[in-house]
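Novice: Just dropping this structure here.
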Amino acid sequence: PYYFTGDTLSNGKPVYVPDLRNRYSKVGKPWFWVDLTFEKYIKFGGLEFTFMVEVTNLFNNKNSQIINPVTGRAYEYGDPTPVEWNDPLYPELQAPVDPFPFNPARYLPQRNIKLGLAIRF
């Protein structure tokens with residue numbers, strides 16, 4: 001975890017530093033998701049039809065994968081960030097400029113729905 005030192009940089013960005021004495025003392029927000037699969041089998045005219053619906057992450061929960069060490073969850077606009085991150089509220093103005101922390105991989109995949117039809121003869 002990171003903690004606020006009480007200092008700010010010249011641009012007003014608050015300074016957060018790692019708590020090296022209590023490394024790994026906190027955990028991020030837990031993951032939660034529900035998957036659903038439904039299959040229906042129908043025999044008709046000598047053929048067997050299978051209808052399928054498969055939903056991954058049914059409730060479309062945002063499960064953090066890249067953790068902001070200050071908040072313990074994925075970065076959202078306006079969250080405090082460590083000094084080494086390029087915060088959009090206090091952007092870096094001189095090269096080299098790191099990208100903002102809006103990486104789409106910071107969350108596990110969103111809801112995914114698959115529909116299928118199989119015919120056996």
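Every chain in the structure tokens has a letter given in the order shown (A, B, ...), and although residue numbers restart at 1 in each chain, ligands are simply numbered from 1 in the order shown.
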Based on DSSP run over this structure's backbone, return all residues of chain A in strand (DSSP E), as a PyMOL selection string.

Specialist: chain A and resi 2-8+14-18+36-44+47-56+112-120

Novice: Neighbours of Lys13 (chain A) within 12 Å (only C-alpha atoms; same-chain residues fewer than 6 positions away dropped), as an NGL selection string?

Specialist: :A and (4-7 or 78-92)

Novice: Could you save those same residues with N, CA, C and O atoms as a PDB file, in the first residue's frame?

Specialist:
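Result file result07.pdb:
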ATOM      1  N   PHE A   4      -0.060   8.850   1.979  1.00  0.00           N
ATOM      2  CA  PHE A   4       0.162  10.258   1.677  1.00  0.00           C
ATOM      3  C   PHE A   4       1.192  10.827   2.643  1.00  0.00           C
ATOM      4  O   PHE A   4       1.066  10.686   3.854  1.00  0.00           O
ATOM      5  N   THR A   5       2.210  11.479   2.105  1.00  0.00           N
ATOM      6  CA  THR A   5       3.287  12.016   2.937  1.00  0.00           C
ATOM      7  C   THR A   5       2.959  13.399   3.509  1.00  0.00           C
ATOM      8  O   THR A   5       3.629  13.857   4.409  1.00  0.00           O
ATOM      9  N   GLY A   6       1.946  14.051   2.943  1.00  0.00           N
ATOM     10  CA  GLY A   6       1.621  15.412   3.367  1.00  0.00           C
ATOM     11  C   GLY A   6       2.275  16.447   2.476  1.00  0.00           C
ATOM     12  O   GLY A   6       2.010  17.642   2.606  1.00  0.00           O
ATOM     13  N   ASP A   7       3.131  16.006   1.561  1.00  0.00           N
ATOM     14  CA  ASP A   7       3.826  16.921   0.646  1.00  0.00           C
ATOM     15  C   ASP A   7       3.098  16.977  -0.692  1.00  0.00           C
ATOM     16  O   ASP A   7       2.322  16.086  -1.036  1.00  0.00           O
ATOM     17  N   GLY A  78      -9.699  10.802 -11.580  1.00  0.00           N
ATOM     18  CA  GLY A  78      -9.820  11.553 -10.336  1.00  0.00           C
ATOM     19  C   GLY A  78      -9.215  10.860  -9.133  1.00  0.00           C
ATOM     20  O   GLY A  78      -9.051  11.479  -8.082  1.00  0.00           O
ATOM     21  N   ASP A  79      -8.895   9.561  -9.248  1.00  0.00           N
ATOM     22  CA  ASP A  79      -8.264   8.844  -8.131  1.00  0.00           C
ATOM     23  C   ASP A  79      -6.849   9.361  -7.903  1.00  0.00           C
ATOM     24  O   ASP A  79      -6.157   9.743  -8.853  1.00  0.00           O
ATOM     25  N   PRO A  80      -6.381   9.352  -6.649  1.00  0.00           N
ATOM     26  CA  PRO A  80      -4.980   9.712  -6.406  1.00  0.00           C
ATOM     27  C   PRO A  80      -4.065   8.634  -6.978  1.00  0.00           C
ATOM     28  O   PRO A  80      -4.447   7.462  -7.058  1.00  0.00           O
ATOM     29  N   THR A  81      -2.878   9.035  -7.402  1.00  0.00           N
ATOM     30  CA  THR A  81      -1.938   8.094  -8.011  1.00  0.00           C
ATOM     31  C   THR A  81      -0.550   8.266  -7.400  1.00  0.00           C
ATOM     32  O   THR A  81      -0.235   9.324  -6.841  1.00  0.00           O
ATOM     33  N   PRO A  82       0.305   7.228  -7.520  1.00  0.00           N
ATOM     34  CA  PRO A  82       1.698   7.373  -7.072  1.00  0.00           C
ATOM     35  C   PRO A  82       2.425   8.421  -7.917  1.00  0.00           C
ATOM     36  O   PRO A  82       2.005   8.747  -9.027  1.00  0.00           O
ATOM     37  N   VAL A  83       3.516   8.929  -7.401  1.00  0.00           N
ATOM     38  CA  VAL A  83       4.290   9.966  -8.099  1.00  0.00           C
ATOM     39  C   VAL A  83       4.779   9.467  -9.456  1.00  0.00           C
ATOM     40  O   VAL A  83       4.829  10.225 -10.424  1.00  0.00           O
ATOM     41  N   GLU A  84       5.110   8.164  -9.559  1.00  0.00           N
ATOM     42  CA  GLU A  84       5.664   7.663 -10.814  1.00  0.00           C
ATOM     43  C   GLU A  84       4.636   7.518 -11.923  1.00  0.00           C
ATOM     44  O   GLU A  84       4.998   7.304 -13.075  1.00  0.00           O
ATOM     45  N   TRP A  85       3.350   7.626 -11.639  1.00  0.00           N
ATOM     46  CA  TRP A  85       2.300   7.525 -12.660  1.00  0.00           C
ATOM     47  C   TRP A  85       2.008   8.903 -13.240  1.00  0.00           C
ATOM     48  O   TRP A  85       2.059   9.910 -12.548  1.00  0.00           O
ATOM     49  N   ASN A  86       1.660   8.956 -14.514  1.00  0.00           N
ATOM     50  CA  ASN A  86       1.260  10.208 -15.160  1.00  0.00           C
ATOM     51  C   ASN A  86      -0.226  10.423 -14.895  1.00  0.00           C
ATOM     52  O   ASN A  86      -1.080   9.826 -15.521  1.00  0.00           O
ATOM     53  N   ASP A  87      -0.524  11.267 -13.945  1.00  0.00           N
ATOM     54  CA  ASP A  87      -1.905  11.531 -13.526  1.00  0.00           C
ATOM     55  C   ASP A  87      -2.543  12.544 -14.470  1.00  0.00           C
ATOM     56  O   ASP A  87      -1.995  13.622 -14.686  1.00  0.00           O
ATOM     57  N   PRO A  88      -3.729  12.251 -15.044  1.00  0.00           N
ATOM     58  CA  PRO A  88      -4.361  13.220 -15.940  1.00  0.00           C
ATOM     59  C   PRO A  88      -4.750  14.527 -15.251  1.00  0.00           C
ATOM     60  O   PRO A  88      -4.907  15.549 -15.904  1.00  0.00           O
ATOM     61  N   LEU A  89      -4.897  14.517 -13.917  1.00  0.00           N
ATOM     62  CA  LEU A  89      -5.193  15.757 -13.200  1.00  0.00           C
ATOM     63  C   LEU A  89      -3.956  16.648 -13.079  1.00  0.00           C
ATOM     64  O   LEU A  89      -4.069  17.860 -12.925  1.00  0.00           O
ATOM     65  N   TYR A  90      -2.773  16.029 -13.125  1.00  0.00           N
ATOM     66  CA  TYR A  90      -1.497  16.740 -13.052  1.00  0.00           C
ATOM     67  C   TYR A  90      -0.589  16.176 -14.146  1.00  0.00           C
ATOM     68  O   TYR A  90       0.368  15.463 -13.864  1.00  0.00           O
ATOM     69  N   PRO A  91      -0.866  16.467 -15.426  1.00  0.00           N
ATOM     70  CA  PRO A  91      -0.130  15.813 -16.520  1.00  0.00           C
ATOM     71  C   PRO A  91       1.334  16.226 -16.580  1.00  0.00           C
ATOM     72  O   PRO A  91       1.702  17.353 -16.233  1.00  0.00           O
ATOM     73  N   GLU A  92       2.159  15.275 -17.034  1.00  0.00           N
ATOM     74  CA  GLU A  92       3.578  15.560 -17.262  1.00  0.00           C
ATOM     75  C   GLU A  92       3.692  16.437 -18.501  1.00  0.00           C
ATOM     76  O   GLU A  92       2.998  16.207 -19.495  1.00  0.00           O
TER      77      GLU A  92
END

Novice: Report as a list of chain:residue names all protein, DNA and RNA residues lying within 7 Å of region 38-43 of chain A, evaluated on only C-alpha atoms, omitting residues in the same chain fewer than 6 positions from it.

Specialist: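 Using only C-alpha atoms, the neighbours found are A:Phe49, A:Thr50, A:Phe51, A:Met52, A:Val53, A:Glu54.
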
Novice: Could you give me, as a list in words, the residues within 12 Å of Gly28 (chain A), counting only C-alpha atoms and dropping anything in the same chain fewer than 3 positions from it?

Specialist: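 Close residues of Gly28 (chain A): Pro1, Tyr24, Ser25, Trp31, Asn63, Ser64, Gln65, Ile66, Ile67, Asn68, Pro69, Val70, Thr71, Gly72, Arg73 and Ala74 of chain A.
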
Novice: Could you take the residues named above and write them with C-alpha atoms, as a JSON list (two decimals), in the first residue's frame?

Specialist:
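Result written to result-v3.json:
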[["chain", "number", "residue", "atom", "x", "y", "z"],
["A", 1, "PRO", "CA", 0.00, 0.00, 0.00],
["A", 24, "TYR", "CA", 1.80, -6.80, 1.01],
["A", 25, "SER", "CA", -0.19, -5.95, 4.16],
["A", 31, "TRP", "CA", -13.18, -10.47, -7.89],
["A", 63, "ASN", "CA", -13.05, -6.70, -11.60],
["A", 64, "SER", "CA", -9.72, -4.89, -11.19],
["A", 65, "GLN", "CA", -6.68, -6.49, -12.77],
["A", 66, "ILE", "CA", -4.13, -3.63, -12.78],
["A", 67, "ILE", "CA", -4.28, -2.23, -9.26],
["A", 68, "ASN", "CA", -3.69, 1.40, -8.30],
["A", 69, "PRO", "CA", -1.57, 0.98, -5.14],
["A", 70, "VAL", "CA", -3.04, 4.11, -3.54],
["A", 71, "THR", "CA", -6.71, 3.01, -3.73],
["A", 72, "GLY", "CA", -6.42, -0.80, -3.96],
["A", 73, "ARG", "CA", -8.59, -1.01, -7.10],
["A", 74, "ALA", "CA", -8.30, -0.15, -10.79]]

Novice: Give the answer as one residue: which of A:Asn11, A:Asn61, A:Thr37, A:Gln110 has the shortest atom-to-atom distance to Leu93 (chain A), using only C-alpha atoms?

Specialist: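 Between A:Asn11, A:Asn61, A:Thr37, A:Gln110, the residue approaching Leu93 (chain A) most closely is A:Asn11.
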